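Trainee: One file: structure_16.txt (compact mmCIF, C-alpha atoms).
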# COMPACT_ATOMS: atom_id res chain seq x y z
CA MET A 1 0.00 0.00 0.00
CA PRO A 2 1.56 3.35 -1.01
CA THR A 3 2.37 5.67 1.85
CA MET A 4 1.88 9.43 1.81
CA THR A 5 4.98 11.54 1.55
CA ALA A 6 5.34 14.84 3.38
CA SER A 7 4.56 16.56 0.05
CA ASP A 8 1.37 14.51 -0.35
CA GLU A 9 0.28 15.49 3.14
CA LEU A 10 0.88 19.17 2.43
CA VAL A 11 -1.25 18.96 -0.71
CA SER A 12 -3.95 16.95 1.04
CA THR A 13 -4.17 19.45 3.92
CA TYR A 14 -4.31 22.35 1.48
CA LEU A 15 -7.13 20.77 -0.52
CA VAL A 16 -9.11 19.99 2.64
CA ASN A 17 -8.75 23.60 3.78
CA LEU A 18 -9.68 24.88 0.34
CA ASN A 19 -12.74 22.63 0.25
CA LEU A 20 -13.83 24.00 3.63
CA ALA A 21 -13.24 27.60 2.57
CA LEU A 22 -15.23 27.05 -0.63
CA ARG A 23 -18.42 26.36 1.30
CA ILE A 24 -19.37 29.97 0.60
CA VAL A 25 -19.81 29.22 -3.11
CA GLY A 26 -22.25 26.86 -4.81
CA SER A 27 -21.37 23.16 -4.93
CA ARG A 28 -21.10 23.05 -8.73
CA VAL A 29 -18.65 25.95 -8.81
CA ARG A 30 -16.78 24.54 -5.83
CA LEU A 31 -16.22 21.16 -7.47
CA GLU A 32 -15.13 22.71 -10.75
CA TYR A 33 -12.68 25.01 -9.01
CA LEU A 34 -11.29 22.22 -6.85
CA ASN A 35 -10.69 20.13 -9.96
CA GLU A 36 -8.85 22.99 -11.63
CA ILE A 37 -6.66 23.51 -8.59
CA LYS A 38 -5.95 19.78 -8.43
CA GLU A 39 -4.96 19.84 -12.12
CA HIS A 40 -2.73 22.85 -11.44
CA ILE A 41 -1.02 21.12 -8.52
CA GLY A 42 -0.62 17.95 -10.59
CA GLU A 43 1.03 19.88 -13.41
CA ALA A 44 3.30 21.78 -11.07
CA ARG A 45 4.37 18.64 -9.23
CA LEU A 46 5.51 17.07 -12.49
CA GLN A 47 8.33 19.58 -12.37
CA LEU A 48 9.27 18.72 -8.77
CA ALA A 49 10.89 15.71 -7.18
CA PRO A 50 8.28 13.46 -5.45
CA ASP A 51 9.58 14.28 -1.98
CA ASP A 52 10.33 17.96 -2.56
CA ALA A 53 8.28 19.25 0.36
CA GLU A 54 9.83 22.68 0.19
CA GLY A 55 8.94 22.96 -3.49
CA VAL A 56 5.36 21.88 -2.79
CA ARG A 57 5.12 24.37 0.06
CA GLU A 58 6.18 27.14 -2.30
CA LEU A 59 3.75 25.91 -4.95
CA LEU A 60 0.83 26.02 -2.48
CA ASN A 61 1.97 29.39 -1.23
CA ASN A 62 1.93 30.71 -4.79
CA LEU A 63 -1.57 29.35 -5.30
CA GLY A 64 -2.81 31.47 -2.42
CA ASN A 65 -4.56 31.34 0.91
CA PRO A 66 -7.69 29.13 0.68
CA ASP A 67 -9.95 31.69 2.38
CA ALA A 68 -8.75 34.48 0.10
CA LEU A 69 -9.25 32.29 -2.98
CA ALA A 70 -12.78 31.39 -1.88
CA TYR A 71 -13.61 35.05 -1.41
CA GLU A 72 -12.15 35.86 -4.85
CA LEU A 73 -14.17 33.09 -6.46
CA LEU A 74 -17.33 34.33 -4.78
CA ALA A 75 -16.67 37.87 -5.99
CA ALA A 76 -16.06 36.61 -9.55
CA GLN A 77 -19.26 34.60 -9.42
CA ARG A 78 -21.27 37.63 -8.30
CA GLN A 79 -19.73 39.85 -10.94
CA HIS A 80 -20.57 37.29 -13.60
CA ARG A 81 -24.19 37.15 -12.46
CA GLY A 82 -24.44 40.90 -12.62
CA ASN A 83 -22.90 40.91 -16.11
CA TRP A 84 -25.20 38.11 -17.22
CA TRP A 85 -28.32 40.12 -16.41
CA GLN A 86 -26.89 43.26 -18.02
CA ARG A 87 -26.02 41.37 -21.21
CA ARG A 88 -29.39 39.68 -21.15
CA VAL A 89 -31.31 42.94 -21.04
CA ALA A 90 -28.99 44.63 -23.55
CA ALA A 91 -29.17 41.75 -26.00
CA THR A 92 -32.86 41.11 -25.97
CA GLY A 93 -34.25 44.59 -26.61
CA LEU A 94 -37.55 45.96 -25.45
CA ALA A 95 -39.77 43.73 -27.59
CA ARG A 96 -38.15 40.60 -26.31
CA VAL A 97 -38.26 41.84 -22.74
CA ILE A 98 -41.98 42.45 -23.10
CA GLY A 99 -42.40 39.03 -24.70
CA LEU A 100 -40.45 37.31 -21.94
CA THR A 101 -42.38 39.20 -19.28
CA THR A 102 -45.66 38.09 -20.82
CA VAL A 103 -44.49 34.49 -20.93
CA GLY A 104 -43.32 34.79 -17.33
CA LEU A 105 -46.66 36.18 -16.20
CA LEU A 106 -48.47 33.38 -18.00
CA ALA A 107 -46.24 30.85 -16.31
CA VAL A 108 -47.00 32.37 -12.91
CA LEU A 109 -50.73 32.22 -13.67
CA VAL A 110 -50.43 28.56 -14.61
CA VAL A 111 -48.53 27.82 -11.43
CA VAL A 112 -51.09 29.70 -9.32
CA ALA A 113 -53.84 27.71 -11.03
CA MET A 114 -52.01 24.52 -10.18
CA ILE A 115 -51.68 25.62 -6.57
CA PHE A 116 -55.42 26.12 -6.32
CA ALA A 117 -55.91 22.75 -7.96
CA ASP A 118 -53.86 21.27 -5.08
CA LEU A 119 -51.40 19.76 -7.54
CA TYR A 120 -48.26 21.68 -7.07
CA ARG A 121 -46.89 24.46 -4.98
CA PRO A 122 -43.57 25.91 -5.96
CA LEU A 123 -40.82 26.87 -3.64
CA SER A 124 -37.86 28.74 -4.87
CA PRO A 125 -35.71 29.47 -1.93
CA GLY A 126 -32.78 30.43 -4.11
CA GLY A 127 -29.54 31.85 -2.93
CA GLU A 128 -26.20 30.77 -4.26
CA GLU A 129 -25.17 29.29 -0.94
CA GLY A 130 -27.80 26.66 -1.34
CA THR A 131 -31.20 25.71 -0.13
CA GLU A 132 -32.99 22.45 0.18
CA VAL A 133 -36.50 21.35 0.92
CA LEU A 134 -37.04 18.11 2.80
CA ALA A 135 -40.14 16.00 3.31
CA PRO A 136 -40.92 14.94 6.91
CA ASN A 137 -39.06 11.67 6.33
CA GLY A 138 -35.91 13.65 5.46
CA THR A 139 -35.91 12.91 1.75
CA PRO A 140 -35.08 15.87 -0.51
CA ALA A 141 -37.82 17.49 -2.54
CA GLN A 142 -37.75 17.23 -6.30
CA ILE A 143 -36.10 20.11 -8.15
CA VAL A 144 -38.16 21.27 -11.09
CA SER A 145 -36.15 24.20 -12.44
CA ASP A 146 -34.03 24.05 -15.55
CA SER A 147 -30.42 23.11 -14.81
CA ALA A 148 -29.02 25.32 -17.61
CA GLN A 149 -30.77 28.32 -16.12
CA MET A 150 -29.52 27.37 -12.65
CA ASP A 151 -25.98 27.49 -14.06
CA ASN A 152 -26.65 31.06 -15.02
CA GLY A 153 -27.70 32.04 -11.53
CA ALA A 154 -31.45 31.44 -11.70
CA PRO A 155 -32.85 30.18 -8.39
CA THR A 156 -33.52 26.54 -7.74
CA VAL A 157 -37.21 25.69 -7.72
CA PHE A 158 -38.32 22.83 -5.54
CA LYS A 159 -41.52 20.89 -5.81
CA GLU A 160 -43.31 20.86 -2.50
CA PRO A 161 -43.25 17.48 -0.74
CA ILE A 162 -46.62 15.83 -0.20
CA ALA A 163 -47.10 16.56 3.49
CA LYS A 164 -48.78 18.98 5.91
CA SER A 165 -45.49 20.66 6.50
CA PHE A 166 -41.92 20.41 5.29
CA THR A 167 -38.44 21.46 6.30
CA VAL A 168 -36.44 24.17 4.59
CA LYS A 169 -32.72 24.51 5.12
CA ILE A 170 -30.84 27.53 3.87
CA LEU A 171 -27.09 27.89 3.93
CA ALA A 172 -26.43 31.62 3.86
CA SER A 173 -23.30 33.70 4.09
CA LEU A 174 -23.09 36.96 6.00
CA TYR A 175 -20.56 39.39 4.55
CA ASN A 176 -19.09 42.38 6.21
CA ASP A 177 -17.92 44.55 3.33
CA GLY A 178 -17.60 47.56 5.59
CA PRO A 179 -14.36 49.07 6.85
CA SER A 180 -14.86 48.05 10.50
CA SER A 181 -16.05 45.11 12.58
CA ILE A 182 -19.72 44.69 13.43
CA VAL A 183 -21.57 42.59 15.98
CA ILE A 184 -24.21 40.32 14.46
CA ASP A 185 -26.94 40.17 17.10
CA SER A 186 -29.50 37.95 15.43
CA VAL A 187 -30.29 36.11 12.23
CA GLY A 188 -33.82 35.22 11.18
CA SER A 189 -35.58 33.28 8.50
CA PRO A 190 -35.94 34.91 5.08
CA SER A 191 -39.35 33.36 4.52
CA SER A 192 -42.55 35.33 5.03
CA PHE A 193 -44.67 32.18 5.07
CA LEU A 194 -46.14 30.78 8.26
CA GLN A 195 -43.35 28.82 9.83
CA PHE A 196 -42.18 27.27 13.07
CA ASP A 197 -39.18 25.58 14.68
CA THR A 198 -36.71 28.10 13.29
CA HIS A 199 -33.11 27.38 14.26
CA VAL A 200 -29.90 29.08 13.22
CA ARG A 201 -26.53 27.41 13.55
CA PHE A 202 -23.01 28.46 12.73
CA ASP A 203 -21.60 26.99 9.55
CA GLY A 204 -22.92 23.93 7.85
CA THR A 205 -20.62 21.20 6.81
CA ASN A 206 -21.81 19.82 3.52
CA ARG A 207 -22.30 16.08 3.63
CA ASP A 208 -19.77 15.06 1.05
CA ASP A 209 -20.94 11.45 1.20
CA GLY A 210 -23.64 12.41 -1.28
CA SER A 211 -26.59 12.29 1.11
CA ALA A 212 -28.90 15.26 1.45
CA GLY A 213 -28.52 18.00 4.00
CA TRP A 214 -25.98 19.95 5.91
CA ARG A 215 -24.63 19.35 9.35
CA GLY A 216 -25.02 22.51 11.34
CA GLY A 217 -22.34 23.75 13.73
CA PRO A 218 -22.93 25.28 17.19
CA MET A 219 -26.18 27.19 17.87
CA PHE A 220 -26.10 30.82 16.79
CA HIS A 221 -25.16 33.50 19.30
CA ALA A 222 -24.14 37.14 18.91
CA PHE A 223 -20.65 37.40 17.48
CA THR A 224 -18.22 39.90 16.00
CA LEU A 225 -17.73 39.79 12.23
CA PRO A 226 -14.48 41.54 11.26
CA SER A 227 -14.25 43.76 8.22
CA HIS A 228 -14.16 41.85 4.91
CA HIS A 229 -14.92 38.54 6.56
CA VAL A 230 -17.60 35.99 5.84
CA GLN A 231 -19.59 33.84 8.23
CA THR A 232 -21.78 31.04 6.97
CA VAL A 233 -24.93 30.15 8.91
CA LEU A 234 -27.41 27.34 8.49
CA ILE A 235 -31.04 28.44 8.90
CA THR A 236 -33.58 25.68 9.39
CA TYR A 237 -37.33 26.04 9.72
CA ARG A 238 -40.50 24.11 9.13
CA GLN A 239 -43.23 25.52 6.95
CA HIS A 240 -46.92 24.72 6.79
CA CYS A 241 -48.56 24.06 3.47
CA GLN A 242 -51.07 26.83 2.90
CA LEU A 243 -53.15 25.63 0.04
CA ASP A 244 -55.54 28.53 0.28
CA GLU A 245 -52.82 31.09 -0.30
CA ALA A 246 -52.20 32.28 -3.81
CA GLY A 247 -48.45 32.13 -3.92
CA SER A 248 -45.92 32.66 -6.60
CA ILE A 249 -42.33 31.66 -6.92
CA ASN A 250 -40.41 32.93 -3.93
CA GLY A 251 -36.72 33.59 -4.14
CA TYR A 252 -34.82 34.43 -1.02
CA SER A 253 -31.77 36.56 -1.56
CA GLN A 254 -31.66 38.40 1.73
CA VAL A 255 -31.60 37.15 5.27
CA PRO A 256 -32.96 39.41 8.06
CA VAL A 257 -30.04 40.26 10.28
CA THR A 258 -29.75 42.69 13.17
CA TYR A 259 -26.34 44.07 13.95
CA SER A 260 -24.66 46.82 15.92
CA MET B 261 0.81 62.22 5.26
CA VAL B 262 -1.23 60.05 2.91
CA VAL B 263 -0.25 56.41 2.97
CA VAL B 264 -1.15 54.59 -0.23
CA ASN B 265 -2.06 50.93 0.09
CA THR B 266 0.00 49.55 -2.79
CA ASP B 267 -1.71 46.15 -2.67
CA LYS B 268 -5.08 47.77 -3.18
CA LEU B 269 -3.66 49.96 -5.91
CA LEU B 270 -2.34 46.92 -7.77
CA VAL B 271 -5.63 45.09 -7.40
CA GLN B 272 -7.46 48.04 -8.92
CA MET B 273 -5.01 48.28 -11.81
CA ARG B 274 -5.19 44.55 -12.49
CA ARG B 275 -8.95 44.56 -12.44
CA GLY B 276 -10.24 45.22 -15.88
CA SER B 277 -6.96 44.53 -17.64
CA ILE B 278 -5.82 41.06 -16.63
CA GLU B 279 -8.57 39.25 -18.50
CA TYR B 280 -7.38 40.89 -21.70
CA CYS B 281 -3.85 39.79 -20.94
CA VAL B 282 -5.22 36.23 -20.84
CA LEU B 283 -7.00 36.78 -24.15
CA ALA B 284 -3.77 38.15 -25.62
CA LEU B 285 -1.90 35.04 -24.46
CA LEU B 286 -4.51 32.89 -26.16
CA GLU B 287 -4.51 34.90 -29.36
CA THR B 288 -1.46 33.13 -30.76
CA GLU B 289 -1.93 29.65 -29.31
CA ASP B 290 -4.27 27.56 -27.19
CA ARG B 291 -3.01 27.06 -23.67
CA TYR B 292 -3.91 25.02 -20.58
CA GLY B 293 -4.60 26.57 -17.19
CA PHE B 294 -1.25 25.92 -15.57
CA ASP B 295 0.54 27.32 -18.62
CA ILE B 296 -1.55 30.52 -18.56
CA THR B 297 -1.03 30.91 -14.84
CA ARG B 298 2.72 30.57 -15.08
CA GLU B 299 2.92 32.99 -18.01
CA LEU B 300 1.00 35.62 -16.06
CA ALA B 301 3.02 34.99 -12.90
CA SER B 302 6.29 35.31 -14.79
CA ALA B 303 5.22 38.69 -16.19
CA GLY B 304 5.50 40.12 -12.69
CA GLY B 305 2.84 42.04 -10.81
CA LEU B 306 -0.05 40.61 -12.82
CA VAL B 307 -1.08 37.95 -10.29
CA THR B 308 -0.37 37.66 -6.60
CA SER B 309 -2.06 34.29 -6.10
CA GLU B 310 -1.97 31.85 -8.97
CA GLY B 311 -5.24 30.33 -7.77
CA THR B 312 -7.11 33.51 -8.66
CA VAL B 313 -6.51 32.93 -12.37
CA TYR B 314 -8.99 30.04 -12.49
CA PRO B 315 -12.08 32.07 -11.49
CA LEU B 316 -11.01 34.50 -14.19
CA LEU B 317 -10.82 31.71 -16.79
CA THR B 318 -14.26 30.50 -15.72
CA ARG B 319 -15.63 34.00 -16.15
CA LEU B 320 -14.09 34.33 -19.60
CA ARG B 321 -15.66 31.03 -20.57
CA ASN B 322 -19.05 32.03 -19.16
CA ASP B 323 -18.84 35.29 -21.08
CA GLY B 324 -18.12 33.39 -24.31
CA PHE B 325 -14.66 34.89 -24.74
CA VAL B 326 -12.95 31.49 -24.58
CA ASP B 327 -13.98 27.88 -24.91
CA THR B 328 -12.26 24.74 -23.73
CA TYR B 329 -11.39 21.29 -24.93
CA TRP B 330 -9.45 18.35 -23.54
CA LYS B 331 -6.21 17.18 -25.05
CA ASP B 332 -3.92 14.27 -24.23
CA SER B 333 -0.64 15.09 -22.57
CA THR B 334 2.57 13.09 -22.87
CA GLU B 335 3.52 14.11 -19.34
CA GLY B 336 0.42 13.09 -17.40
CA PRO B 337 -3.37 13.19 -17.45
CA LYS B 338 -5.40 15.04 -20.10
CA ARG B 339 -5.24 18.81 -20.04
CA ARG B 340 -8.07 21.29 -20.39
CA TYR B 341 -7.05 23.75 -23.10
CA TYR B 342 -8.46 27.25 -23.42
CA ARG B 343 -9.08 28.70 -26.89
CA ILE B 344 -10.03 32.28 -27.73
CA THR B 345 -13.36 32.65 -29.55
CA LYS B 346 -14.37 35.12 -32.22
CA VAL B 347 -16.17 37.18 -29.57
CA GLY B 348 -13.04 37.04 -27.44
CA ARG B 349 -10.91 38.35 -30.31
CA GLN B 350 -13.34 41.20 -30.87
CA ALA B 351 -13.27 42.05 -27.16
CA LEU B 352 -9.47 42.02 -27.21
CA GLU B 353 -9.37 44.31 -30.25
CA SER B 354 -11.75 46.74 -28.56
CA PHE B 355 -9.63 46.71 -25.41
CA ILE B 356 -6.41 47.37 -27.32
CA ALA B 357 -8.04 50.23 -29.20
CA GLN B 358 -9.05 51.84 -25.89
CA TRP B 359 -6.01 50.88 -23.88
CA LYS B 360 -3.28 52.53 -25.97
CA PRO B 361 -4.69 56.08 -25.96
CA PHE B 362 -5.64 55.66 -22.29
CA ARG B 363 -2.11 54.55 -21.36
CA ASP B 364 -0.60 57.37 -23.42
CA SER B 365 -2.81 59.92 -21.70
CA VAL B 366 -1.82 58.68 -18.25
CA ASP B 367 1.84 58.63 -19.22
CA ALA B 368 1.59 62.15 -20.62
CA ILE B 369 0.08 63.47 -17.39
CA LEU B 370 2.64 61.65 -15.24
CA ALA B 371 5.48 62.91 -17.43
CA ARG B 372 4.58 66.48 -16.52
CA ARG B 373 5.87 65.83 -13.03
CA GLY B 374 9.34 66.25 -14.50
The structure in this file should be written as structure tokens.
Mentor:
Amino acid sequence: MPTMTASDELVSTYLVNLNLALRIVGSRVRLEYLNEIKEHIGEARLQLAPDDAEGVRELLNNLGNPDALAYELLAAQRQHRGNWWQRRVAATGLARVIGLTTVGLLAVLVVVAMIFADLYRPLSPGGEEGTEVLAPNGTPAQIVSDSAQMDNGAPTVFKEPIAKSFTVKILASLYNDGPSSIVIDSVGSPSSFLQFDTHVRFDGTNRDDGSAGWRGGPMFHAFTLPSHHVQTVLITYRQHCQLDEAGSINGYSQVPVTYS
Amino acid sequence: MVVVNTDKLLVQMRRGSIEYCVLALLETEDRYGFDITRELASAGGLVTSEGTVYPLLTRLRNDGFVDTYWKDSTEGPKRRYYRITKVGRQALESFIAQWKPFRDSVDAILARRG
């Protein structure tokens, strides 16, 4: 059985730390980026002796601090989303915008009709950090949105589980882009629907074994968020099905936070 | 006394220009990620962390300025090559057309300092 060299251990530790830091970006982007970094390390190591730990240390140092890279990737992702919408509007022109709006309104009307027919109730707790909807037995709800659109930043749309209530989990990141530290006093649920059993935990370790869900960290308490730092929180709540309410697709992009 | 944060200054100068440096590198030949990264790093001052080049490449691909393909390597596993697209070439031409007069104007102002 091959043993790990000191160089292998350095690389392994770096990739673990990078994987952890990348929790602030979507899983698809995270995996793609990790693969690119692995390819980069593989290429660079071809030019080094197998046990050249010093060379590997320098290579990883040149790649950059995992937290800084994650923040850079997140910023690039956000910039791309902004550009995507700008290009979209610029490219389509007014007639197309009107056409798309009409189609969108029709789609909403169809969905509302389906809600009243007790067939389907959409949930679109979007957010790039990730959201999932679970039936009472813990199985994930079906995703009904188009994967190509999701790649372009459109929110995920879940099909409501068949139950009286269901669980929603949202992994959200709190950013302090200001010049000084702030104290985050409380974090709430972004949903305006009737809900209960709301819990907020620090961080959420993605279950990399492929099963659904996140493992939350310690329970939330007031904490200091330094300037230009990110803190991920896992918000969990249960939501009643309200079949008499005429809903539309709901995308959550902001989390209610009080700070001082 | 005003203290200038040189790191921030460099970041601002890189922003908006580095992606065109990548396009310029790809104009003459297709390259793989590690190759692009090392070229930029060797130019000095263009990248501080080599890992930041990959989000940039992803953005260029998402914007349609480059596309990718896999190619066998004699040295190891397959490599993902980046290739400039027609849109990417047009974007590069536009940048060059704007960049030269802009650079000359800045240089002219700075030259007045004597």
Trainee: Using only C-alpha atoms, find all polymer residues with an atom at most 9 Å away from the point (3.3, 9.5, -11.7); report them as a compact mmCIF listing (two decimals) with C-alpha atoms, in the coordinates of the input.
Mentor:
# COMPACT_ATOMS: atom_id res chain seq x y z
CA LEU A 46 5.51 17.07 -12.49
CA PRO A 50 8.28 13.46 -5.45
CA GLU B 335 3.52 14.11 -19.34
CA GLY B 336 0.42 13.09 -17.40
Trainee: Would you list the contacts of Leu285 (chain B) as a VMD selection string, taking every protein, DNA or RNA residue within 12 Å and counting only C-alpha atoms, but skipping same-chain residues closer than 3 positions in sequence?
Mentor: chain B and resid 278 to 282 288 to 293 295 to 300 303 326 342 to 344 348 to 349 352
Trainee: For the point (3.7, 29.0, -3.0) in file coordinates, what residues are within 12 Å, counting all atoms listed in the file? Give the answer as a list in words?
Mentor: Leu10, Val11, Tyr14, Ile41, Ala44, Ala53, Glu54, Gly55, Val56, Arg57, Glu58, Leu59, Leu60, Asn61, Asn62, Leu63, Gly64, Asn65 and Pro66 of chain A; Ala301, Thr308, Ser309, Glu310 and Gly311 of chain B
Trainee: Considering only C-alpha atoms, can you say which of A:Val16, A:Ile235, A:Val230, A:Val168 comes closest to Gly217 (chain A)?
Mentor: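 Closest to Gly217 (chain A) of all the choices is A:Ile235.
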Trainee: Quote the spacing between CA of Ala49 (chain A) and CA of Leu22 (chain A) in Å to one decimal place.
Mentor: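 Here the two named atoms are 29.2 Å from each other.
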Trainee: Restrict the output to region 262-353 of chain B and C-alpha atoms, then write it as an mmCIF file, in the first residue's frame.
Mentor:
data_model
loop_
_atom_site.group_PDB
_atom_site.id
_atom_site.type_symbol
_atom_site.label_atom_id
_atom_site.label_comp_id
_atom_site.auth_asym_id
_atom_site.auth_seq_id
_atom_site.Cartn_x
_atom_site.Cartn_y
_atom_site.Cartn_z
ATOM 1 C CA VAL B 262 -1.225 60.053 2.906
ATOM 2 C CA VAL B 263 -0.253 56.406 2.967
ATOM 3 C CA VAL B 264 -1.149 54.586 -0.227
ATOM 4 C CA ASN B 265 -2.061 50.928 0.094
ATOM 5 C CA THR B 266 0.002 49.552 -2.792
ATOM 6 C CA ASP B 267 -1.708 46.154 -2.668
ATOM 7 C CA LYS B 268 -5.084 47.768 -3.183
ATOM 8 C CA LEU B 269 -3.657 49.955 -5.910
ATOM 9 C CA LEU B 270 -2.339 46.925 -7.773
ATOM 10 C CA VAL B 271 -5.632 45.093 -7.395
ATOM 11 C CA GLN B 272 -7.459 48.044 -8.919
ATOM 12 C CA MET B 273 -5.013 48.284 -11.808
ATOM 13 C CA ARG B 274 -5.190 44.550 -12.491
ATOM 14 C CA ARG B 275 -8.951 44.558 -12.437
ATOM 15 C CA GLY B 276 -10.242 45.219 -15.880
ATOM 16 C CA SER B 277 -6.963 44.528 -17.635
ATOM 17 C CA ILE B 278 -5.824 41.063 -16.634
ATOM 18 C CA GLU B 279 -8.567 39.255 -18.498
ATOM 19 C CA TYR B 280 -7.381 40.894 -21.699
ATOM 20 C CA CYS B 281 -3.851 39.787 -20.938
ATOM 21 C CA VAL B 282 -5.220 36.234 -20.836
ATOM 22 C CA LEU B 283 -6.997 36.783 -24.152
ATOM 23 C CA ALA B 284 -3.766 38.152 -25.619
ATOM 24 C CA LEU B 285 -1.899 35.045 -24.465
ATOM 25 C CA LEU B 286 -4.512 32.892 -26.159
ATOM 26 C CA GLU B 287 -4.512 34.896 -29.363
ATOM 27 C CA THR B 288 -1.464 33.126 -30.759
ATOM 28 C CA GLU B 289 -1.930 29.652 -29.312
ATOM 29 C CA ASP B 290 -4.274 27.563 -27.189
ATOM 30 C CA ARG B 291 -3.010 27.058 -23.669
ATOM 31 C CA TYR B 292 -3.908 25.024 -20.582
ATOM 32 C CA GLY B 293 -4.602 26.570 -17.187
ATOM 33 C CA PHE B 294 -1.247 25.921 -15.572
ATOM 34 C CA ASP B 295 0.542 27.319 -18.619
ATOM 35 C CA ILE B 296 -1.548 30.518 -18.558
ATOM 36 C CA THR B 297 -1.033 30.913 -14.838
ATOM 37 C CA ARG B 298 2.721 30.573 -15.080
ATOM 38 C CA GLU B 299 2.920 32.991 -18.012
ATOM 39 C CA LEU B 300 0.999 35.618 -16.058
ATOM 40 C CA ALA B 301 3.019 34.995 -12.898
ATOM 41 C CA SER B 302 6.292 35.315 -14.789
ATOM 42 C CA ALA B 303 5.218 38.687 -16.193
ATOM 43 C CA GLY B 304 5.503 40.122 -12.686
ATOM 44 C CA GLY B 305 2.838 42.037 -10.811
ATOM 45 C CA LEU B 306 -0.045 40.611 -12.816
ATOM 46 C CA VAL B 307 -1.080 37.951 -10.289
ATOM 47 C CA THR B 308 -0.368 37.658 -6.603
ATOM 48 C CA SER B 309 -2.062 34.295 -6.095
ATOM 49 C CA GLU B 310 -1.969 31.847 -8.972
ATOM 50 C CA GLY B 311 -5.242 30.331 -7.771
ATOM 51 C CA THR B 312 -7.106 33.515 -8.659
ATOM 52 C CA VAL B 313 -6.514 32.931 -12.366
ATOM 53 C CA TYR B 314 -8.993 30.043 -12.493
ATOM 54 C CA PRO B 315 -12.082 32.072 -11.492
ATOM 55 C CA LEU B 316 -11.006 34.497 -14.194
ATOM 56 C CA LEU B 317 -10.822 31.713 -16.793
ATOM 57 C CA THR B 318 -14.257 30.495 -15.721
ATOM 58 C CA ARG B 319 -15.635 34.000 -16.147
ATOM 59 C CA LEU B 320 -14.093 34.332 -19.604
ATOM 60 C CA ARG B 321 -15.664 31.030 -20.572
ATOM 61 C CA ASN B 322 -19.050 32.027 -19.157
ATOM 62 C CA ASP B 323 -18.840 35.289 -21.079
ATOM 63 C CA GLY B 324 -18.123 33.388 -24.311
ATOM 64 C CA PHE B 325 -14.659 34.887 -24.742
ATOM 65 C CA VAL B 326 -12.953 31.489 -24.584
ATOM 66 C CA ASP B 327 -13.985 27.885 -24.909
ATOM 67 C CA THR B 328 -12.257 24.741 -23.731
ATOM 68 C CA TYR B 329 -11.387 21.285 -24.929
ATOM 69 C CA TRP B 330 -9.445 18.351 -23.537
ATOM 70 C CA LYS B 331 -6.207 17.184 -25.054
ATOM 71 C CA ASP B 332 -3.920 14.270 -24.232
ATOM 72 C CA SER B 333 -0.638 15.088 -22.574
ATOM 73 C CA THR B 334 2.568 13.094 -22.865
ATOM 74 C CA GLU B 335 3.515 14.112 -19.336
ATOM 75 C CA GLY B 336 0.422 13.091 -17.404
ATOM 76 C CA PRO B 337 -3.375 13.192 -17.451
ATOM 77 C CA LYS B 338 -5.395 15.039 -20.096
ATOM 78 C CA ARG B 339 -5.237 18.814 -20.045
ATOM 79 C CA ARG B 340 -8.071 21.292 -20.386
ATOM 80 C CA TYR B 341 -7.048 23.746 -23.096
ATOM 81 C CA TYR B 342 -8.460 27.246 -23.421
ATOM 82 C CA ARG B 343 -9.078 28.696 -26.889
ATOM 83 C CA ILE B 344 -10.035 32.275 -27.726
ATOM 84 C CA THR B 345 -13.361 32.646 -29.553
ATOM 85 C CA LYS B 346 -14.370 35.118 -32.217
ATOM 86 C CA VAL B 347 -16.167 37.176 -29.573
ATOM 87 C CA GLY B 348 -13.042 37.039 -27.439
ATOM 88 C CA ARG B 349 -10.911 38.349 -30.308
ATOM 89 C CA GLN B 350 -13.338 41.200 -30.868
ATOM 90 C CA ALA B 351 -13.266 42.046 -27.161
ATOM 91 C CA LEU B 352 -9.469 42.021 -27.210
ATOM 92 C CA GLU B 353 -9.365 44.313 -30.252
#
